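*Asks:* Contents are mmCIF, C-alpha atoms and all ligand atoms; file name model_33.cif:
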```
data_upload
#
loop_
_atom_site.label_atom_id
_atom_site.label_comp_id
_atom_site.auth_asym_id
_atom_site.auth_seq_id
_atom_site.Cartn_x
_atom_site.Cartn_y
_atom_site.Cartn_z
CA MET H 1432 23.63 -15.41 -8.28
CA ARG H 1433 19.93 -14.76 -8.70
CA ASP H 1434 18.88 -13.50 -12.10
CA LYS H 1435 16.90 -10.36 -11.32
CA HIS H 1436 14.37 -11.16 -14.04
CA THR H 1437 13.47 -14.56 -12.65
CA VAL H 1438 9.88 -14.55 -11.47
CA SER H 1439 9.57 -16.91 -8.53
CA ALA H 1440 7.04 -17.71 -5.84
CA VAL H 1441 9.86 -18.61 -3.45
CA THR H 1442 11.11 -15.89 -1.12
CA PRO H 1443 14.91 -15.46 -1.53
CA ALA H 1444 17.11 -16.51 1.42
CA SER H 1445 18.09 -12.97 2.45
CA ALA H 1446 14.43 -11.93 2.56
CA VAL H 1447 13.56 -14.97 4.69
CA ALA H 1448 16.35 -14.01 7.11
CA GLN H 1449 14.94 -10.47 7.38
CA PHE H 1450 11.42 -11.89 7.85
CA ALA H 1451 12.74 -14.13 10.69
CA LEU H 1452 14.32 -11.11 12.43
CA ASP H 1453 11.20 -8.96 12.06
CA VAL H 1454 8.95 -11.76 13.37
CA GLN H 1455 11.31 -12.23 16.34
CA TYR H 1456 11.20 -8.51 17.15
CA TYR H 1457 7.51 -7.75 16.55
CA LEU H 1458 5.99 -10.87 18.12
CA ALA H 1459 7.93 -10.16 21.32
CA LEU H 1460 6.46 -6.63 21.64
CA GLN H 1461 3.51 -5.96 23.93
CA PRO H 1462 0.96 -5.89 22.39
CA ARG H 1463 2.28 -8.51 19.97
CA GLN H 1464 2.49 -7.31 16.36
CA LEU H 1465 3.48 -8.34 12.85
CA PRO H 1466 4.33 -5.85 10.06
CA SER H 1467 1.60 -5.68 7.41
CA ARG H 1468 4.15 -5.58 4.56
CA TYR H 1469 4.56 -9.35 5.03
CA PHE H 1470 0.97 -10.01 3.86
CA TYR H 1471 2.06 -9.93 0.25
CA ASP H 1472 3.55 -13.30 -0.62
CA ALA H 1473 2.11 -14.92 -3.78
CA LEU H 1474 -1.08 -16.12 -2.06
CA GLY H 1475 -1.44 -12.92 -0.03
CA SER H 1476 -1.17 -10.80 -3.18
CA ALA H 1477 -3.84 -12.92 -4.87
CA LEU H 1478 -6.10 -12.60 -1.81
CA PHE H 1479 -5.60 -8.82 -1.84
CA GLU H 1480 -6.59 -8.71 -5.53
CA ALA H 1481 -9.73 -10.67 -4.56
CA ILE H 1482 -10.45 -8.15 -1.77
CA THR H 1483 -10.40 -5.31 -4.31
CA GLN H 1484 -13.30 -7.03 -6.09
CA LEU H 1485 -15.46 -7.52 -2.99
CA PRO H 1486 -18.64 -5.42 -2.93
CA TRP H 1487 -17.74 -4.26 0.62
CA TYR H 1488 -14.20 -3.05 -0.17
CA ARG H 1489 -14.79 0.06 -2.26
CA ILE H 1490 -11.40 1.79 -2.28
CA THR H 1491 -10.13 0.40 -5.58
CA ARG H 1492 -13.31 1.03 -7.56
CA ALA H 1493 -13.80 4.52 -6.12
CA GLU H 1494 -10.25 5.45 -7.07
CA LEU H 1495 -10.62 4.02 -10.58
CA ARG H 1496 -13.79 6.08 -11.09
CA LEU H 1497 -11.98 9.28 -10.02
CA LEU H 1498 -8.98 8.53 -12.25
CA THR H 1499 -11.23 7.89 -15.23
CA ALA H 1500 -13.52 10.87 -14.65
CA HIS H 1501 -10.74 13.39 -13.90
CA GLY H 1502 -7.71 11.91 -15.68
CA ARG H 1503 -7.68 14.60 -18.33
CA GLU H 1504 -7.65 17.39 -15.77
CA ILE H 1505 -5.09 15.62 -13.56
CA LEU H 1506 -2.54 15.29 -16.36
CA SER H 1507 -3.21 18.77 -17.76
CA ARG H 1508 -2.52 20.34 -14.35
CA VAL H 1509 1.12 19.33 -14.69
CA PRO H 1510 2.51 21.33 -17.62
CA ARG H 1511 5.20 19.71 -19.82
CA LEU H 1512 4.55 16.36 -18.13
CA SER H 1513 7.00 13.74 -19.46
CA THR H 1514 7.16 11.06 -16.79
CA LEU H 1515 4.78 9.16 -14.52
CA VAL H 1516 6.25 7.21 -11.61
CA GLU H 1517 4.00 4.85 -9.68
CA LEU H 1518 5.07 3.60 -6.26
CA GLY H 1519 3.51 0.13 -5.94
CA PRO H 1520 1.56 -0.22 -9.21
CA GLY H 1521 -0.46 -3.30 -8.19
CA SER H 1522 -2.18 -4.75 -11.25
CA GLY H 1523 -1.31 -1.68 -13.37
CA GLU H 1524 -5.00 -1.08 -13.96
CA LYS H 1525 -5.13 2.35 -12.32
CA LEU H 1526 -2.14 3.80 -14.17
CA THR H 1527 -3.57 2.43 -17.42
CA ALA H 1528 -6.91 4.10 -16.68
CA LEU H 1529 -5.26 7.44 -15.87
CA VAL H 1530 -3.14 7.48 -19.05
CA ASP H 1531 -6.08 6.30 -21.16
CA ALA H 1532 -8.44 8.93 -19.78
CA GLY H 1533 -5.90 11.69 -19.38
CA ARG H 1534 -3.50 11.94 -22.23
CA ALA H 1535 -4.14 14.61 -24.80
CA GLY H 1536 -2.16 14.90 -28.01
CA ALA H 1537 0.52 12.51 -29.17
CA SER H 1538 3.46 13.22 -26.87
CA ARG H 1539 5.37 10.21 -25.63
CA LEU H 1540 5.12 9.38 -21.90
CA ARG H 1541 7.70 7.57 -19.79
CA LEU H 1542 6.13 5.26 -17.22
CA HIS H 1543 8.27 4.08 -14.32
CA LEU H 1544 6.98 1.35 -12.02
CA ILE H 1545 8.60 0.78 -8.65
CA ASP H 1546 8.01 -2.30 -6.51
CA VAL H 1547 10.08 -4.73 -4.45
CA SER H 1548 8.22 -7.64 -6.04
CA PRO H 1549 9.36 -8.72 -9.53
CA THR H 1550 6.09 -10.62 -9.96
CA ALA H 1551 4.06 -7.45 -9.30
CA LEU H 1552 6.19 -5.53 -11.81
CA ALA H 1553 5.73 -8.18 -14.48
CA VAL H 1554 1.94 -8.18 -14.04
CA ALA H 1555 1.69 -4.37 -14.14
CA ALA H 1556 4.03 -4.10 -17.14
CA ARG H 1557 1.83 -6.48 -19.09
CA ALA H 1558 -1.29 -4.38 -18.39
CA LEU H 1559 0.51 -1.17 -19.43
CA SER H 1560 1.87 -2.66 -22.65
CA ALA H 1561 -1.63 -2.16 -24.10
CA LEU H 1562 -1.00 1.62 -24.18
CA ASP H 1563 0.33 3.40 -27.28
CA ASN H 1564 3.35 5.65 -27.33
CA VAL H 1565 4.71 4.93 -23.86
CA GLU H 1566 8.11 3.76 -22.59
CA ILE H 1567 7.87 1.37 -19.67
CA HIS H 1568 10.71 1.19 -17.12
CA LEU H 1569 10.72 -1.27 -14.21
CA HIS H 1570 12.52 -0.72 -10.92
CA GLU H 1571 12.71 -3.70 -8.60
CA ALA H 1572 13.44 -1.62 -5.52
CA ALA H 1573 12.07 -0.01 -2.37
CA TYR H 1574 10.04 3.14 -3.19
CA GLU H 1575 12.66 5.68 -2.10
CA VAL H 1576 15.45 3.85 -3.94
CA GLY H 1577 13.45 3.49 -7.15
CA LEU H 1578 12.37 7.13 -7.05
CA ALA H 1579 16.00 8.21 -6.67
CA GLU H 1580 16.87 6.07 -9.73
CA VAL H 1581 14.17 7.82 -11.75
CA THR H 1582 15.19 11.32 -10.72
CA ALA H 1583 18.90 10.62 -11.32
CA ARG H 1584 18.28 9.86 -15.02
CA PRO H 1585 20.22 12.38 -17.11
CA THR H 1586 17.74 12.24 -20.00
CA ALA H 1587 14.70 13.22 -18.00
CA GLU H 1588 13.54 16.60 -19.18
CA GLY H 1589 9.97 17.68 -18.51
CA ARG H 1590 8.04 17.28 -15.30
CA ARG H 1591 7.37 14.17 -13.33
CA LEU H 1592 4.18 13.06 -11.65
CA ALA H 1593 4.62 10.56 -8.83
CA LEU H 1594 1.60 8.39 -7.92
CA PHE H 1595 0.97 6.84 -4.53
CA LEU H 1596 -2.50 5.35 -4.79
CA GLY H 1597 -4.84 2.83 -3.19
CA SER H 1598 -4.64 4.41 0.28
CA ASN H 1599 -1.32 2.67 0.76
CA LEU H 1600 -0.31 5.69 2.85
CA GLY H 1601 -2.82 4.38 5.40
CA ASN H 1602 -0.44 1.65 6.53
CA PHE H 1603 1.99 4.26 7.92
CA ASP H 1604 1.46 5.74 11.37
CA ARG H 1605 1.46 9.57 11.40
CA PRO H 1606 5.20 10.11 11.90
CA GLY H 1607 5.88 7.39 9.32
CA ALA H 1608 3.56 9.05 6.79
CA ASP H 1609 5.17 12.45 7.36
CA ALA H 1610 8.66 11.01 6.89
CA PHE H 1611 7.61 9.10 3.79
CA LEU H 1612 6.07 12.20 2.16
CA HIS H 1613 9.14 14.29 3.02
CA GLY H 1614 11.24 11.59 1.34
CA ILE H 1615 9.14 11.76 -1.84
CA ARG H 1616 9.40 15.56 -1.85
CA ALA H 1617 13.18 15.35 -1.47
CA ALA H 1618 13.41 13.07 -4.51
CA LEU H 1619 11.38 15.44 -6.71
CA ARG H 1620 12.28 18.79 -8.28
CA PRO H 1621 10.21 21.95 -7.80
CA GLY H 1622 7.25 21.80 -10.18
CA ASP H 1623 7.11 18.00 -10.18
CA ALA H 1624 3.84 16.68 -8.77
CA LEU H 1625 2.38 13.98 -6.55
CA LEU H 1626 -1.04 12.34 -6.81
CA LEU H 1627 -2.10 10.73 -3.54
CA GLY H 1628 -5.12 8.42 -3.17
CA ALA H 1629 -6.47 8.18 0.38
CA ASP H 1630 -9.52 6.59 1.99
CA LEU H 1631 -11.67 8.90 4.11
CA VAL H 1632 -13.27 8.56 7.54
CA LYS H 1633 -16.80 7.16 7.17
CA PRO H 1634 -19.41 5.43 9.33
CA GLU H 1635 -17.95 2.63 11.44
CA ARG H 1636 -20.22 -0.10 10.11
CA ARG H 1637 -19.06 0.56 6.55
CA LEU H 1638 -15.41 0.48 7.60
CA LEU H 1639 -15.86 -2.77 9.47
CA LEU H 1640 -17.65 -4.46 6.53
CA ALA H 1641 -14.70 -3.51 4.32
CA TYR H 1642 -12.21 -5.12 6.71
CA ASP H 1643 -14.32 -8.04 7.94
CA ASP H 1644 -16.25 -9.09 4.86
CA PRO H 1645 -19.08 -11.67 4.90
CA LEU H 1646 -17.17 -13.96 2.49
CA GLY H 1647 -14.19 -14.22 4.80
CA VAL H 1648 -11.65 -13.18 2.17
CA THR H 1649 -10.10 -10.54 4.44
CA ALA H 1650 -9.96 -13.09 7.27
CA ALA H 1651 -8.05 -15.43 4.95
CA PHE H 1652 -5.75 -12.56 3.91
CA ASN H 1653 -4.99 -11.85 7.58
CA ARG H 1654 -4.53 -15.48 8.65
CA ASN H 1655 -2.30 -16.17 5.63
CA LEU H 1656 0.40 -14.30 7.54
CA LEU H 1657 0.44 -17.21 9.99
CA VAL H 1658 0.48 -19.68 7.08
CA ARG H 1659 3.54 -17.84 5.74
CA ILE H 1660 5.32 -17.97 9.13
CA ASN H 1661 4.58 -21.69 9.39
CA ARG H 1662 5.92 -22.33 5.88
CA GLU H 1663 8.95 -20.04 5.76
CA LEU H 1664 10.01 -20.04 9.43
CA ASP H 1665 8.81 -23.50 10.54
CA GLY H 1666 6.21 -21.92 12.83
CA THR H 1667 3.59 -23.96 14.72
CA PHE H 1668 0.60 -21.58 14.54
CA ASP H 1669 -2.63 -23.59 14.71
CA LEU H 1670 -4.79 -21.68 12.21
CA ASP H 1671 -8.09 -22.86 13.67
CA GLN H 1672 -7.12 -21.29 16.98
CA PHE H 1673 -6.79 -17.72 15.67
CA ALA H 1674 -9.77 -15.52 14.81
CA HIS H 1675 -9.73 -12.56 12.44
CA ARG H 1676 -10.83 -9.32 14.08
CA ALA H 1677 -11.25 -5.84 12.61
CA LEU H 1678 -11.91 -2.83 14.82
CA TRP H 1679 -12.28 0.91 14.38
CA ASN H 1680 -9.95 2.87 16.65
CA ALA H 1681 -11.69 6.27 16.54
CA ALA H 1682 -9.11 8.04 18.71
CA GLU H 1683 -6.37 7.14 16.22
CA SER H 1684 -8.65 7.29 13.16
CA ARG H 1685 -7.60 3.86 11.97
CA VAL H 1686 -9.03 0.42 11.27
CA GLU H 1687 -6.92 -2.23 13.00
CA MET H 1688 -6.75 -5.88 12.06
CA HIS H 1689 -5.85 -8.45 14.70
CA LEU H 1690 -5.48 -12.21 15.03
CA VAL H 1691 -7.04 -13.22 18.34
CA SER H 1692 -6.03 -16.38 20.17
CA ARG H 1693 -9.13 -18.52 20.82
CA ARG H 1694 -7.52 -20.19 23.83
CA ARG H 1695 -4.34 -20.33 25.89
CA GLN H 1696 -1.76 -21.93 23.61
CA GLU H 1697 1.95 -22.28 23.01
CA VAL H 1698 3.48 -21.06 19.75
CA ARG H 1699 6.95 -21.82 18.42
CA VAL H 1700 8.78 -20.11 15.58
CA PRO H 1701 12.15 -21.93 15.40
CA ALA H 1702 13.74 -19.77 12.68
CA SER H 1703 13.09 -16.72 14.89
CA ASP H 1704 14.23 -18.54 18.04
CA LEU H 1705 10.81 -17.91 19.63
CA VAL H 1706 8.71 -19.94 22.04
CA PHE H 1707 5.85 -18.15 23.79
CA THR H 1708 2.40 -18.62 25.26
CA MET H 1709 -0.63 -16.69 24.08
CA GLU H 1710 -3.52 -16.20 26.48
CA GLU H 1711 -7.13 -16.70 25.46
CA GLY H 1712 -8.27 -13.41 23.88
CA GLU H 1713 -4.71 -12.11 23.44
CA SER H 1714 -4.14 -10.68 19.99
CA ILE H 1715 -1.46 -10.12 17.38
CA TRP H 1716 -1.94 -6.70 15.76
CA THR H 1717 -1.24 -7.16 12.05
CA GLU H 1718 -2.33 -3.95 10.30
CA SER H 1719 -3.41 -0.34 10.69
CA SER H 1720 -5.32 1.39 7.90
CA TYR H 1721 -5.53 5.08 8.74
CA LYS H 1722 -8.54 7.02 7.44
CA TYR H 1723 -8.39 10.74 6.69
CA GLU H 1724 -10.35 13.98 6.42
CA PRO H 1725 -9.83 15.75 3.07
CA ALA H 1726 -8.47 18.95 4.65
CA ALA H 1727 -6.05 17.00 6.83
CA ILE H 1728 -4.56 15.34 3.73
CA VAL H 1729 -3.82 18.79 2.29
CA ARG H 1730 -2.25 19.98 5.57
CA THR H 1731 -0.06 16.88 5.81
CA LEU H 1732 1.13 17.33 2.22
CA ASP H 1733 1.72 21.03 2.81
CA ALA H 1734 3.91 20.26 5.83
CA ALA H 1735 5.94 17.93 3.61
CA GLY H 1736 6.69 20.72 1.10
CA PHE H 1737 3.84 20.32 -1.38
CA ARG H 1738 1.24 22.87 -2.54
CA LEU H 1739 -2.32 21.93 -3.46
CA LEU H 1740 -3.26 21.88 -7.16
CA ASN H 1741 -6.64 20.18 -6.76
CA GLN H 1742 -8.53 17.58 -4.78
CA TRP H 1743 -11.30 15.30 -6.04
CA VAL H 1744 -13.58 13.53 -3.57
CA ASP H 1745 -15.86 10.58 -4.29
CA GLN H 1746 -18.72 11.25 -1.89
CA THR H 1747 -20.42 7.90 -2.48
CA ASP H 1748 -17.56 5.83 -1.13
CA GLY H 1749 -15.56 8.45 0.78
CA PHE H 1750 -12.29 8.52 -1.11
CA ALA H 1751 -10.02 11.42 -2.11
CA LEU H 1752 -7.44 11.98 -4.84
CA THR H 1753 -5.18 14.90 -3.99
CA LEU H 1754 -2.86 16.47 -6.56
CA VAL H 1755 0.00 18.59 -5.23
CA GLU H 1756 3.09 20.25 -6.65
CA ALA H 1757 6.55 20.14 -5.11
CA ALA H 1758 7.03 23.65 -3.73
CA TRP H 1759 9.88 25.88 -4.88
CA GLN H 1760 10.94 26.53 -1.32
CA ASP H 1761 10.13 25.04 2.06
C1 LIG A 1 -3.44 -2.10 0.36
C2 LIG A 1 -2.90 -1.20 2.48
C3 LIG A 1 -4.49 -0.08 1.09
O1 LIG A 1 -5.32 -1.00 4.16
O2 LIG A 1 -7.09 -1.12 2.90
C4 LIG A 1 -7.17 -4.58 2.57
C5 LIG A 1 -4.79 -3.55 2.62
N1 LIG A 1 -6.06 -4.76 4.40
N2 LIG A 1 -7.93 -5.23 3.46
C6 LIG A 1 -5.91 -1.39 3.12
C7 LIG A 1 -5.98 -4.28 3.17
C8 LIG A 1 -7.25 -5.35 4.56
C9 LIG A 1 -5.15 -2.18 2.08
N3 LIG A 1 -3.99 -1.42 1.53
#
```
Could you take the file, read its structure, and then write that structure out as structure tokens?
Ligand code: AVJ
*Replies:*
Amino acid sequence: MRDKHTVSAVTPASAVAQFALDVQYYLALQPRQLPSRYFYDALGSALFEAITQLPWYRITRAELRLLTAHGREILSRVPRLSTLVELGPGSGEKLTALVDAGRAGASRLRLHLIDVSPTALAVAARALSALDNVEIHLHEAAYEVGLAEVTARPTAEGRRLALFLGSNLGNFDRPGADAFLHGIRAALRPGDALLLGADLVKPERRLLLAYDDPLGVTAAFNRNLLVRINRELDGTFDLDQFAHRALWNAAESRVEMHLVSRRRQEVRVPASDLVFTMEEGESIWTESSYKYEPAAIVRTLDAAGFRLLNQWVDQTDGFALTLVEAAWQD
């Protein structure tokens, strides 16, 4: 049996089997697709961390500035706050900044981190261990499952603040985002709160620079998905024959990333029982990053059973933090 505390770069067998099934299903769709959640193997996670430091990718820094500048107000808007729960804590830097900037007085805070990756949890926990007077709890689980674990705790008096930051909501299509937010609301009690970080619509050239950077880090992040398929599923993708492409789909208000076949070529993925031909110019759609208007974020949250407490917008980089409270009745 696998020790749940073992930190390993190797994907466990059951996860590889699920990956094989998803690759089989999504690559056979028209247009061909791959789910963006598979970007984050060990190398993909490191490449994403590098992206957050690129001058052209401003989401992470804009959000950190808002958390630092308004942390005090954010935490004080949730009376009797006892518990912070972050869905996908990344490096732990943002939660650390919020608690550092925001906590007043000496009351103890419980911090719950939820992520499917034990490596991510270990990294975030280390960053948070620098804080005084906090209890850190790790949940190696899908977001909904981890949140249910937190809310089922018998000892949890006081209010909870759930955090879903980094514009991670942007990877959901609209129905997916609505369902996800309803799920978070269902796991919270009236008076608990949610802080949502979301990237805003901005001029196309700025969006495209963020997703097709001059250093080629985002291209490497995208193409690493093919590296992962070759390694874990014995795929035959020829990396040189796939180009990174980012485009702004204005009608859907999303940046899309694609991997475009440079010529007609055959691809095999034995573990997914796949053999297919890609035409020159045919693409595999690997990610959508939806961009929002501030008022639309509030409406979407309202429809999911949340009421606005406050919204902070960074005008320089076009990013919004929205703080809402779980409504007493829907
Ligand atoms: C981590 C999903 C918020 O969509 O901006 C970065 C991932 N993709 N560059 C995003 C990503 C390309 C990122 N999220």
*Asks:* Please put the answer as JSON: centre and edge lengths, in Å with one decimal, of a box along x, y and z that encloses all listed atoms of ligand LIG 1 (chain A) plus 5 Å on each side.
*Replies:*
```
{"center_x": -5.4, "center_y": -2.7, "center_z": 2.5, "size_x": 15.0, "size_y": 15.3, "size_z": 14.2}
```
*Asks:* Pick out the closest residue to Asn1655 (chain H) from this set: H:Asp1472, H:Asp1453, H:Asp1623, H:Glu1697. Count all atoms listed in the file.
*Replies:* H:Asp1472
*Asks:* Rank nothing, just name the residue among H:Thr1717, H:Gln1461, H:Asn1599, H:Gln1449 nearest to ligand LIG 1 (chain A), using only C-alpha atoms and all ligand atoms.
*Replies:*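 Among H:Thr1717, H:Gln1461, H:Asn1599, H:Gln1449, it is H:Asn1599 that comes nearest to ligand LIG 1 (chain A).
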*Asks:* Between H:Leu1670, H:Leu1627, H:Ile1482, H:Ile1545, which one has atoms that come closest to ligand LIG 1 (chain A), using only C-alpha atoms and all ligand atoms?
*Replies:*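 Among the listed residues, the smallest separation from ligand LIG 1 (chain A) belongs to H:Ile1482.
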*Asks:* Which residues of chain H come within 8 Å of ligand LIG 1 (chain A), and for each one, what is the closest pair of atoms and their distance in Å to one decimal, counting all atoms listed in the file, sorted by chain and residue number, as a Markdown table?
*Replies:*
```
| residue | atom | partner | partner_atom | distance |
| --- | --- | --- | --- | --- |
| H:Phe1479 | CA | A:LIG1 | C4 | 6.3 |
| H:Ile1482 | CA | A:LIG1 | N2 | 6.5 |
| H:Thr1483 | CA | A:LIG1 | C4 | 7.6 |
| H:Tyr1488 | CA | A:LIG1 | N2 | 7.6 |
| H:Ile1490 | CA | A:LIG1 | O2 | 7.3 |
| H:Gly1597 | CA | A:LIG1 | C3 | 5.2 |
| H:Ser1598 | CA | A:LIG1 | C3 | 4.6 |
| H:Asn1599 | CA | A:LIG1 | C3 | 4.2 |
| H:Leu1600 | CA | A:LIG1 | C3 | 7.3 |
| H:Gly1601 | CA | A:LIG1 | O1 | 6.1 |
| H:Asn1602 | CA | A:LIG1 | C2 | 5.5 |
| H:Ala1641 | CA | A:LIG1 | N2 | 7.0 |
| H:Tyr1642 | CA | A:LIG1 | N2 | 5.4 |
| H:Thr1649 | CA | A:LIG1 | N2 | 5.8 |
| H:Phe1652 | CA | A:LIG1 | C8 | 7.4 |
| H:Asn1653 | CA | A:LIG1 | C8 | 7.5 |
| H:Met1688 | CA | A:LIG1 | C8 | 7.5 |
| H:Glu1718 | CA | A:LIG1 | N1 | 7.0 |
| H:Ser1719 | CA | A:LIG1 | O1 | 6.8 |
| H:Ser1720 | CA | A:LIG1 | O1 | 4.4 |
| H:Tyr1721 | CA | A:LIG1 | O1 | 7.6 |
```
*Asks:* Which residue, H:Arg1620, H:His1689, H:His1568, H:Arg1654, has the smallest gap to Thr1582 (chain H) when you use only C-alpha atoms?
*Replies:*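 Smallest distance to Thr1582 (chain H) is found for H:Arg1620.
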*Asks:* Please list as a PyMOL selection string every residue within 10 Å of Val1565 (chain H), counting only C-alpha atoms and excluding residues in the same chain fewer than 5 positions away.
*Replies:* chain H and resi 1514+1530+1538-1542+1559-1560
*Asks:* If we count all atoms listed in the file and set the cut-off at 12 Å, which residues sit around Pro1510 (chain H), ignoring sequence neighbours fewer than 2 positions away in its own chain? Please answer as a short mmCIF file (atom, residue, chain, number, x, y, z; two decimals) with C-alpha atoms, keeping the file's coordinate frame.
*Replies:*
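Generated output (result04.cif):
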```cif
data_model
loop_
_atom_site.label_atom_id
_atom_site.label_comp_id
_atom_site.auth_asym_id
_atom_site.auth_seq_id
_atom_site.Cartn_x
_atom_site.Cartn_y
_atom_site.Cartn_z
CA GLU H 1504 -7.65 17.39 -15.77
CA ILE H 1505 -5.09 15.62 -13.56
CA LEU H 1506 -2.54 15.29 -16.36
CA SER H 1507 -3.21 18.77 -17.76
CA ARG H 1508 -2.52 20.34 -14.35
CA LEU H 1512 4.55 16.36 -18.13
CA SER H 1513 7.00 13.74 -19.46
CA THR H 1514 7.16 11.06 -16.79
CA ALA H 1535 -4.14 14.61 -24.80
CA GLY H 1589 9.97 17.68 -18.51
CA ARG H 1590 8.04 17.28 -15.30
CA ARG H 1591 7.37 14.17 -13.33
CA LEU H 1592 4.18 13.06 -11.65
CA GLY H 1622 7.25 21.80 -10.18
CA ASP H 1623 7.11 18.00 -10.18
CA ALA H 1624 3.84 16.68 -8.77
CA LEU H 1740 -3.26 21.88 -7.16
CA GLU H 1756 3.09 20.25 -6.65
#
```
*Asks:* Compare H:Val1755, H:Ala1682, H:Arg1730, H:Ala1735 by their minimum atom-to-atom distance to Gly1614 (chain H), counting all atoms listed in the file, and give me the closest one.
*Replies:*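 Under the stated criterion, the closest residue is H:Ala1735.
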*Asks:* Closest to Ala1448 (chain H) among H:Glu1687, H:Asp1671, H:Asp1733, H:Glu1663, using only C-alpha atoms?
*Replies:*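 Among the listed residues, the smallest separation from Ala1448 (chain H) belongs to H:Glu1663.
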*Asks:* Record the distance separating CA of Ala1444 (chain H) and CA of Phe1470 (chain H), expressed in Å with one decimal.
*Replies:* 17.6 Å
*Asks:* With 9 Å as the threshold, what does the neighbourhood of (2.4, -16.0, 24.2) contain in terms of residues, counting only C-alpha atoms? Coordinates are those of the file; answer as an MDAnalysis selection string.
*Replies:* chainID H and resid 1458:1459 1463 1695:1698 1706:1710 1713
*Asks:* Scan for residues within 6 Å of the point (7.5, 17.2, -3.3) in the coordinates of the file, using only C-alpha atoms, and reply as a count of residues only.
*Replies:* 6
*Asks:* Which residues, written as a ChimeraX atom specification, have at least one atom at most 7 Å from Leu1664 (chain H), with all atoms listed in the file counted and residues fewer than 5 positions away on the same chain left out?
*Replies:* /H:1451,1700-1702
